[in-house]
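Some notes on the structure that comes next.
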Amino acid sequence: MAASFGVCRLRFRGLGGFDRFCLRFEPQTQGRFTSTTAAIKAQTENTTAQAAKESKTFQAIQEERREQAERSVLISCPPKINENKFLDYLSKHGTINKHFFYNSYGAYAVVEFSNRESIGSLKESTNIPTVEHEAAVPFKSRLLSLKWPGSQSSNYPMPKFKNQSPPSINEITQRLSEKDSIDEQLQCLTEALQLTEENVSLRFLVCSLLQDIAGAYFPECIIRPFGSTVNSFGKLGCDVDMILDLDGIYATSQKKGSGLSLEYHVKRAASERAVTQSILSVIGKCVDQFGPGCVGVQNILQARCPLVRFAHQPSGFQCDLTANNRVAMKSSELLFLYGQLDPRVRHLVFSVRCWARAHSITSSIPGAWITNFSITVMVVFFLQQRNPVLFPGPSDKCVIEGNDCTIVSDLSKITLQHNTDTSEKLLQEFFEFYGSFPFNKASINIRKGKEQTKPETTALYIQNPFETTLNISKNVNGTQLERFVALCRESAWLLQQKETLNRSSVSPWGFAALLLPSVTSGAGVKSRRKRKQEPASSRIKNLLDSLKIKGGETVAKKGSAKSSR
C-alpha cells in the first residue's frame, strides 16, 4: 500500500517560462524546491505555461474520471470478436462515448456510455447465468460476460488490444539505446512506463465497481483511488490504492438547525480505529463472497493503517482498500502538482526509480529495501537544494486531523522562472548528491527542505512531513543503504565517461548503460565471508571494457551473418 506522504505549503515565484518552481513548507522556514527542465524553445515554454494555466484542478480531474467510471461497464468477451457488431449491440442502450479492449485472464472491453440511464437499460437486459452443479450469487454488478451464439467468422478485423503491462528491462534498454541524447532517453523512459489513459480509466472503473458493493451498506460512500494511480508518477503494473471515503456521510450528519432535530440510532465503538476495522472487516467479507473477479481477499486490520487487500482478476490489478485516509489523498495532490509544474520532475523520478529497480535497490516484496515512495521523496529533497530563493504565494488553508495540509491547488496561480538545466545534468547531480550525502548523521526533511540531525540510529532517516516523529524509511538496513550509495557513485562516474556518453548502435549507452546488471557487481555490499572488494574504479573499468567487447562481438556477428547470406 502506498505510504502516506505529508503535504506541505507551496510557495512560488517566477518570471515568464513555466519551467521552475520553489517550495516552502512552513511560514518560518525558507526551504526550497527548484525543479529545472531541459533547455527548450521559448515558444514551447510559453505553450506549456498557457496549458498549465488552463488545466483543471486535481479535484476536478478526479471527479470527472469518477463520473466517467460510473457510466462505464467492464465486459468479458470471446477471444475473437466482431468489434462493430459488439458496439452495435451495446448502442441499443445508449450512445457510447469511448471504449477499448485489453487482455487479462482473457479478453475484456471497457465501455463508457454518455449517461447513467444506459447502464440501467443494459442491466435490465442482462441475465443471471445458469450454472450446473453450483449456485450463482445474484449480485448484479457492472462486470458482465458477452455470450456469442454460434461460430464466429474470422473475416473481419480484430479489435486492437491496449497494452496494460510495462516493458521489460531489456526492451527498455533497447529503446533507450536508439535515442540521440540522454534527455531523449529519460523522456522515452517516462512515456514507456507511465500509466496510459486507458489504464487510468480501468483503475477508476475498478474503484467504482467496488463502490457498488460498499454502497449496499453505506449508500453515500465513495471509493477513491489515491497514490500512484492519480499522482502522475504511477507506473504500468503498479497496485491500485483505494480509500473508502465516508466523510460525505459524516458531513450531512453535522447539519444542525434551530428547534427539533433527529439523529440516527447507531452502533458505538471504543474508538474511530475500531469503527474503521469493523467497517473494513464487513466490506472485505462482502468483496470475498459477492465481488465477481475478486480473489485472495485478506483483512489486514491490525496494521497501523487497517486495510483490505485483494486481487481483481478481470483487470489484473492488486488492490489495497483503506478508510478515511484523507492525508494520503492530499499527498497525492501534492505530487500531482509537482508532476504538472515541470516535466523534468517526472523524468527524474521515473529514471531514478527504474535505475533503482534494475539493481534491486527497490523491490515489490516487503523487506529492507528502499521503497519507491522513499526514492520519490529523495528526488524531491535533491531538487529542493538547487536554489535558495523563496517568496510567498497564494494558498488554500487546509487542516486534516490537526495537520497543516495547505497547498496551492490552482495551477493558474503559479508562475515560474526560466531555467535551462538539462535532465541529464539533473540526473548526474542527483547521483553525486547522494553519493556523498552524510547519511550517518543527517536526516532528510522535505518539510524544511534541508538536512537535519538524525534523531535515531537507523540507517536511513526520511521524516514523514505530517507525522514528524515517524521515519518512512525505517525498514532500510545498512547493507541496502551502502548499495545505494555505491551505485550512486558509480553511476555518477559512468555519466562522465566518453564510453558511456558516446552514442553506440551496438551496445547500451547513456542512461541505458546505467541499467546493466554488471554495474552492481559487488557495489558496496559486505558479503558474509567479507571478501576483499576490488576498487570501484576497477569494477567500472571492467564494465566499460565489457561494453566494448560486447559491442565488437555484436558487430562481428552482424558481419558474419551478412557474409553467410
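Every chain in the C-alpha cells has a letter given in the order shown (A, B, ...), and although residue numbers restart at 1 in each chain, ligands are simply numbered from 1 in the order shown.
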- Task: Extract, using only C-alpha atoms, all DNA, RNA and protein residues at most 9 Å from Asn440 of chain A, discarding same-chain residues fewer than 3 positions from it, and format them as JSON, numbers by chain.
- Result: {"A": [437, 443, 454, 457, 458, 459, 460]}
Go ahead and dump the residues you just picked, N, CA, C and O atoms, as a PDB file, in the first residue's frame.
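Below is the file part-v9.pdb, written as the result:
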```pdb
ATOM      1  N   PHE A 437      26.229  12.108   0.418  1.00  0.00           N
ATOM      2  CA  PHE A 437      25.334  12.594   1.476  1.00  0.00           C
ATOM      3  C   PHE A 437      25.718  11.972   2.816  1.00  0.00           C
ATOM      4  O   PHE A 437      25.981  10.764   2.905  1.00  0.00           O
ATOM      5  N   SER A 443      19.434  13.529   8.498  1.00  0.00           N
ATOM      6  CA  SER A 443      18.152  13.009   8.039  1.00  0.00           C
ATOM      7  C   SER A 443      17.614  13.909   6.932  1.00  0.00           C
ATOM      8  O   SER A 443      18.056  15.049   6.759  1.00  0.00           O
ATOM      9  N   LYS A 454      20.060  13.484  12.577  1.00  0.00           N
ATOM     10  CA  LYS A 454      19.266  12.259  12.644  1.00  0.00           C
ATOM     11  C   LYS A 454      18.836  12.006  14.088  1.00  0.00           C
ATOM     12  O   LYS A 454      19.678  11.917  14.992  1.00  0.00           O
ATOM     13  N   THR A 457      19.162   6.086  15.391  1.00  0.00           N
ATOM     14  CA  THR A 457      20.331   5.463  14.761  1.00  0.00           C
ATOM     15  C   THR A 457      19.978   4.553  13.590  1.00  0.00           C
ATOM     16  O   THR A 457      20.752   3.673  13.244  1.00  0.00           O
ATOM     17  N   THR A 458      18.839   4.706  12.970  1.00  0.00           N
ATOM     18  CA  THR A 458      18.511   3.912  11.797  1.00  0.00           C
ATOM     19  C   THR A 458      19.421   4.295  10.628  1.00  0.00           C
ATOM     20  O   THR A 458      19.967   5.401  10.586  1.00  0.00           O
ATOM     21  N   ALA A 459      19.587   3.366   9.677  1.00  0.00           N
ATOM     22  CA  ALA A 459      20.493   3.608   8.552  1.00  0.00           C
ATOM     23  C   ALA A 459      20.053   4.814   7.722  1.00  0.00           C
ATOM     24  O   ALA A 459      20.860   5.677   7.385  1.00  0.00           O
ATOM     25  N   LEU A 460      18.775   4.856   7.385  1.00  0.00           N
ATOM     26  CA  LEU A 460      18.238   5.935   6.550  1.00  0.00           C
ATOM     27  C   LEU A 460      17.053   6.557   7.265  1.00  0.00           C
ATOM     28  O   LEU A 460      16.129   5.846   7.659  1.00  0.00           O
TER      29      LEU A 460
END
```
Check the DSSP output for the backbone and give back, as an mmCIF file with all heavy atoms, in the first residue's frame, the residues of segment 117-299 of chain A in strand (DSSP E).
```cif
data_model
loop_
_atom_site.group_PDB
_atom_site.id
_atom_site.type_symbol
_atom_site.label_atom_id
_atom_site.label_comp_id
_atom_site.auth_asym_id
_atom_site.auth_seq_id
_atom_site.Cartn_x
_atom_site.Cartn_y
_atom_site.Cartn_z
ATOM 1 N N LEU A 143 -19.799 -5.798 -14.013
ATOM 2 C CA LEU A 143 -18.867 -6.718 -14.658
ATOM 3 C C LEU A 143 -19.704 -7.781 -15.360
ATOM 4 O O LEU A 143 -20.354 -8.608 -14.716
ATOM 5 C CB LEU A 143 -17.925 -7.342 -13.622
ATOM 6 C CG LEU A 143 -16.994 -8.448 -14.120
ATOM 7 C CD1 LEU A 143 -16.134 -7.973 -15.276
ATOM 8 C CD2 LEU A 143 -16.119 -8.965 -12.975
ATOM 9 N N LEU A 144 -19.711 -7.757 -16.679
ATOM 10 C CA LEU A 144 -20.612 -8.587 -17.474
ATOM 11 C C LEU A 144 -19.815 -9.537 -18.366
ATOM 12 O O LEU A 144 -18.616 -9.347 -18.592
ATOM 13 C CB LEU A 144 -21.510 -7.697 -18.347
ATOM 14 C CG LEU A 144 -22.207 -6.521 -17.643
ATOM 15 C CD1 LEU A 144 -22.955 -5.672 -18.665
ATOM 16 C CD2 LEU A 144 -23.150 -7.020 -16.555
ATOM 17 N N SER A 145 -20.501 -10.567 -18.880
ATOM 18 C CA SER A 145 -19.903 -11.522 -19.815
ATOM 19 C C SER A 145 -20.722 -11.536 -21.096
ATOM 20 O O SER A 145 -21.953 -11.643 -21.041
ATOM 21 C CB SER A 145 -19.845 -12.928 -19.210
ATOM 22 O OG SER A 145 -18.963 -12.971 -18.110
ATOM 23 N N ILE A 222 -17.942 6.904 -1.029
ATOM 24 C CA ILE A 222 -17.217 6.990 -2.291
ATOM 25 C C ILE A 222 -15.904 6.229 -2.127
ATOM 26 O O ILE A 222 -15.222 6.375 -1.106
ATOM 27 C CB ILE A 222 -16.916 8.454 -2.671
ATOM 28 C CG1 ILE A 222 -18.210 9.245 -2.855
ATOM 29 C CG2 ILE A 222 -16.079 8.514 -3.945
ATOM 30 C CD1 ILE A 222 -17.977 10.731 -3.082
ATOM 31 N N ILE A 223 -15.570 5.414 -3.101
ATOM 32 C CA ILE A 223 -14.260 4.763 -3.097
ATOM 33 C C ILE A 223 -13.392 5.474 -4.122
ATOM 34 O O ILE A 223 -13.687 5.481 -5.319
ATOM 35 C CB ILE A 223 -14.373 3.257 -3.390
ATOM 36 C CG1 ILE A 223 -15.056 2.566 -2.206
ATOM 37 C CG2 ILE A 223 -12.997 2.657 -3.648
ATOM 38 C CD1 ILE A 223 -15.097 1.064 -2.280
ATOM 39 N N ARG A 224 -12.336 6.097 -3.617
ATOM 40 C CA ARG A 224 -11.463 6.925 -4.447
ATOM 41 C C ARG A 224 -10.081 6.272 -4.568
ATOM 42 O O ARG A 224 -9.533 5.789 -3.571
ATOM 43 C CB ARG A 224 -11.283 8.311 -3.833
ATOM 44 C CG ARG A 224 -12.572 9.051 -3.526
ATOM 45 C CD ARG A 224 -12.247 10.416 -2.911
ATOM 46 N NE ARG A 224 -13.441 11.101 -2.436
ATOM 47 C CZ ARG A 224 -14.224 11.867 -3.198
ATOM 48 N NH1 ARG A 224 -13.917 12.021 -4.482
ATOM 49 N NH2 ARG A 224 -15.291 12.474 -2.702
ATOM 50 N N PRO A 225 -9.481 6.297 -5.759
ATOM 51 C CA PRO A 225 -8.081 5.874 -5.872
ATOM 52 C C PRO A 225 -7.159 6.973 -5.363
ATOM 53 O O PRO A 225 -7.480 8.161 -5.465
ATOM 54 C CB PRO A 225 -7.910 5.651 -7.374
ATOM 55 C CG PRO A 225 -8.887 6.593 -8.003
ATOM 56 C CD PRO A 225 -10.055 6.679 -7.054
ATOM 57 N N PHE A 226 -6.030 6.591 -4.789
ATOM 58 C CA PHE A 226 -5.022 7.578 -4.392
ATOM 59 C C PHE A 226 -3.650 6.998 -4.707
ATOM 60 O O PHE A 226 -3.528 5.905 -5.259
ATOM 61 C CB PHE A 226 -5.171 7.961 -2.911
ATOM 62 C CG PHE A 226 -4.718 6.890 -1.946
ATOM 63 C CD1 PHE A 226 -3.465 6.942 -1.350
ATOM 64 C CD2 PHE A 226 -5.556 5.837 -1.606
ATOM 65 C CE1 PHE A 226 -3.050 5.963 -0.456
ATOM 66 C CE2 PHE A 226 -5.153 4.853 -0.713
ATOM 67 C CZ PHE A 226 -3.895 4.925 -0.139
ATOM 68 N N VAL A 240 -3.293 -0.726 -7.120
ATOM 69 C CA VAL A 240 -4.341 0.293 -7.011
ATOM 70 C C VAL A 240 -4.639 0.500 -5.527
ATOM 71 O O VAL A 240 -5.137 -0.403 -4.856
ATOM 72 C CB VAL A 240 -5.630 -0.122 -7.745
ATOM 73 C CG1 VAL A 240 -6.694 0.966 -7.604
ATOM 74 C CG2 VAL A 240 -5.349 -0.397 -9.215
ATOM 75 N N ASP A 241 -4.297 1.668 -5.002
ATOM 76 C CA ASP A 241 -4.598 2.030 -3.622
ATOM 77 C C ASP A 241 -5.916 2.797 -3.591
ATOM 78 O O ASP A 241 -6.101 3.742 -4.361
ATOM 79 C CB ASP A 241 -3.480 2.874 -3.020
ATOM 80 C CG ASP A 241 -2.171 2.098 -2.923
ATOM 81 O OD1 ASP A 241 -2.196 0.968 -2.411
ATOM 82 O OD2 ASP A 241 -1.136 2.605 -3.388
ATOM 83 N N MET A 242 -6.825 2.387 -2.700
ATOM 84 C CA MET A 242 -8.164 2.965 -2.637
ATOM 85 C C MET A 242 -8.486 3.450 -1.234
ATOM 86 O O MET A 242 -7.982 2.908 -0.250
ATOM 87 C CB MET A 242 -9.217 1.918 -3.021
ATOM 88 C CG MET A 242 -8.966 1.154 -4.285
ATOM 89 S SD MET A 242 -10.195 -0.181 -4.451
ATOM 90 C CE MET A 242 -9.709 -0.889 -6.025
ATOM 91 N N ILE A 243 -9.341 4.452 -1.181
ATOM 92 C CA ILE A 243 -9.844 4.969 0.087
ATOM 93 C C ILE A 243 -11.361 4.816 0.112
ATOM 94 O O ILE A 243 -12.040 5.245 -0.827
ATOM 95 C CB ILE A 243 -9.490 6.455 0.275
ATOM 96 C CG1 ILE A 243 -7.977 6.648 0.370
ATOM 97 C CG2 ILE A 243 -10.159 7.028 1.523
ATOM 98 C CD1 ILE A 243 -7.558 8.111 0.371
ATOM 99 N N LEU A 244 -11.885 4.215 1.173
ATOM 100 C CA LEU A 244 -13.326 4.215 1.413
ATOM 101 C C LEU A 244 -13.646 5.524 2.124
ATOM 102 O O LEU A 244 -13.382 5.687 3.312
ATOM 103 C CB LEU A 244 -13.729 3.010 2.271
ATOM 104 C CG LEU A 244 -15.194 2.949 2.719
ATOM 105 C CD1 LEU A 244 -16.125 2.830 1.515
ATOM 106 C CD2 LEU A 244 -15.421 1.786 3.679
ATOM 107 N N ASP A 245 -14.184 6.477 1.374
ATOM 108 C CA ASP A 245 -14.421 7.827 1.870
ATOM 109 C C ASP A 245 -15.831 7.916 2.453
ATOM 110 O O ASP A 245 -16.826 7.874 1.723
ATOM 111 C CB ASP A 245 -14.240 8.824 0.735
ATOM 112 C CG ASP A 245 -14.303 10.271 1.196
ATOM 113 O OD1 ASP A 245 -14.585 10.499 2.386
ATOM 114 O OD2 ASP A 245 -14.078 11.171 0.360
ATOM 115 N N CYS A 294 -12.944 -10.872 -7.709
ATOM 116 C CA CYS A 294 -12.090 -10.509 -6.575
ATOM 117 C C CYS A 294 -11.621 -11.775 -5.871
ATOM 118 O O CYS A 294 -12.447 -12.558 -5.377
ATOM 119 C CB CYS A 294 -12.836 -9.598 -5.607
ATOM 120 S SG CYS A 294 -13.349 -8.026 -6.322
ATOM 121 N N VAL A 295 -10.324 -12.001 -5.811
ATOM 122 C CA VAL A 295 -9.773 -13.220 -5.225
ATOM 123 C C VAL A 295 -8.660 -12.868 -4.240
ATOM 124 O O VAL A 295 -8.133 -11.760 -4.235
ATOM 125 C CB VAL A 295 -9.222 -14.162 -6.322
ATOM 126 C CG1 VAL A 295 -10.331 -14.591 -7.277
ATOM 127 C CG2 VAL A 295 -8.095 -13.489 -7.099
ATOM 128 N N GLY A 296 -8.315 -13.843 -3.412
ATOM 129 C CA GLY A 296 -7.213 -13.650 -2.466
ATOM 130 C C GLY A 296 -7.441 -12.533 -1.482
ATOM 131 O O GLY A 296 -6.504 -11.800 -1.135
ATOM 132 N N VAL A 297 -8.677 -12.392 -0.992
ATOM 133 C CA VAL A 297 -9.011 -11.280 -0.093
ATOM 134 C C VAL A 297 -8.372 -11.498 1.275
ATOM 135 O O VAL A 297 -8.509 -12.554 1.872
ATOM 136 C CB VAL A 297 -10.536 -11.133 0.042
ATOM 137 C CG1 VAL A 297 -10.875 -9.975 0.975
ATOM 138 C CG2 VAL A 297 -11.180 -10.925 -1.325
ATOM 139 N N GLN A 298 -7.672 -10.481 1.767
ATOM 140 C CA GLN A 298 -7.057 -10.517 3.098
ATOM 141 C C GLN A 298 -7.484 -9.298 3.894
ATOM 142 O O GLN A 298 -7.352 -8.180 3.411
ATOM 143 C CB GLN A 298 -5.532 -10.512 2.997
ATOM 144 C CG GLN A 298 -4.921 -11.610 2.174
ATOM 145 C CD GLN A 298 -3.426 -11.428 2.050
ATOM 146 O OE1 GLN A 298 -2.678 -11.424 3.039
ATOM 147 N NE2 GLN A 298 -2.952 -11.252 0.823
ATOM 148 N N ASN A 299 -7.984 -9.513 5.093
ATOM 149 C CA ASN A 299 -8.288 -8.411 6.007
ATOM 150 C C ASN A 299 -7.071 -8.178 6.901
ATOM 151 O O ASN A 299 -6.805 -8.969 7.813
ATOM 152 C CB ASN A 299 -9.514 -8.734 6.856
ATOM 153 C CG ASN A 299 -10.800 -8.663 6.058
ATOM 154 O OD1 ASN A 299 -10.795 -8.239 4.911
ATOM 155 N ND2 ASN A 299 -11.894 -9.080 6.650
#
```
- Leaving out Val137 of chain A and any residue of its chain fewer than 4 positions from it, which residues lie within 12 Å of it when counting only C-alpha atoms, given as number ranges by chain? A: 128-131, 141, 286, 288-292
- Message: Given only C-alpha atoms as the basis, pick out the residue of A:Tyr461, A:Pro306, A:Ile472, A:Tyr434 nearest to Ala492 of chain A.
- Response: A:Tyr434
- Task: Write out as a PyMOL selection string the residues lying within 7 Å of Ile446 of chain A, counting only C-alpha atoms and excluding same-chain residues fewer than 3 positions away.
- Result: chain A and resi 381+449-450+465
Take the residues that were just selected and, keeping N, CA, C and O atoms, output them as a short mmCIF file (atom, residue, chain, number, x, y, z; two decimals), in the first residue's frame.
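Printed below is part.cif as written:
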```
data_model
loop_
_atom_site.label_atom_id
_atom_site.label_comp_id
_atom_site.auth_asym_id
_atom_site.auth_seq_id
_atom_site.Cartn_x
_atom_site.Cartn_y
_atom_site.Cartn_z
N PHE A 381 13.74 16.07 -2.35
CA PHE A 381 14.70 16.71 -1.45
C PHE A 381 15.92 17.22 -2.23
O PHE A 381 16.41 18.33 -1.98
N GLY A 449 13.10 21.38 3.86
CA GLY A 449 13.93 21.48 2.68
C GLY A 449 15.41 21.50 2.97
O GLY A 449 16.20 22.04 2.19
N LYS A 450 15.84 20.91 4.09
CA LYS A 450 17.26 20.90 4.42
C LYS A 450 17.58 19.72 5.32
O LYS A 450 16.69 19.11 5.92
N PRO A 465 6.54 14.09 6.60
CA PRO A 465 6.29 15.52 6.76
C PRO A 465 5.08 15.84 7.63
O PRO A 465 5.00 16.95 8.16
#
```
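Considering the residues A:Leu341, A:Ala107, A:Ile283, A:Ile172 and counting only C-alpha atoms, Asp212 of chain A has its shortest atom-to-atom contact with A:Ile283.
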Counting only C-alpha atoms, which residues of segment 284-365 of chain A sit at most 8 Å from some atom of segment 505-515 of chain A, and what is each one's closest atom pair with its distance in Å to one decimal, listed by chain and rising residue number, as CSV?
```
residue,atom,partner,partner_atom,distance
A:Trp355,CA,A:Leu515,CA,5.8
A:Ala358,CA,A:Leu515,CA,5.9
A:His359,CA,A:Leu515,CA,7.3
```
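Among the candidate residues A:Ile61, A:Ala486, A:Ala356, A:Ala192, the one lying nearest to Ser165 of chain A is A:Ala192, with distances computed using only C-alpha atoms.
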- For Gln185 of chain A, the nearest of the candidates A:Leu205, A:Val352, A:Thr173, A:Gln318, counting only C-alpha atoms: A:Thr173
- Quick one: everything within 8 Å of Tyr102 of chain A, counting only C-alpha atoms, minus sequence neighbours fewer than 3 positions away in the same chain. Send it as a list in words. Ala107, Tyr108, Ala109, Phe161, Lys162, Asn163 and Gln164 of chain A
- Message: Which residues are near Ile96 of chain A? Cut-off 7 Å, only C-alpha atoms, ignore same chain within fewer than 2 positions. Put them as a PyMOL selection string.
- Response: chain A and resi 91+94+98+112-114
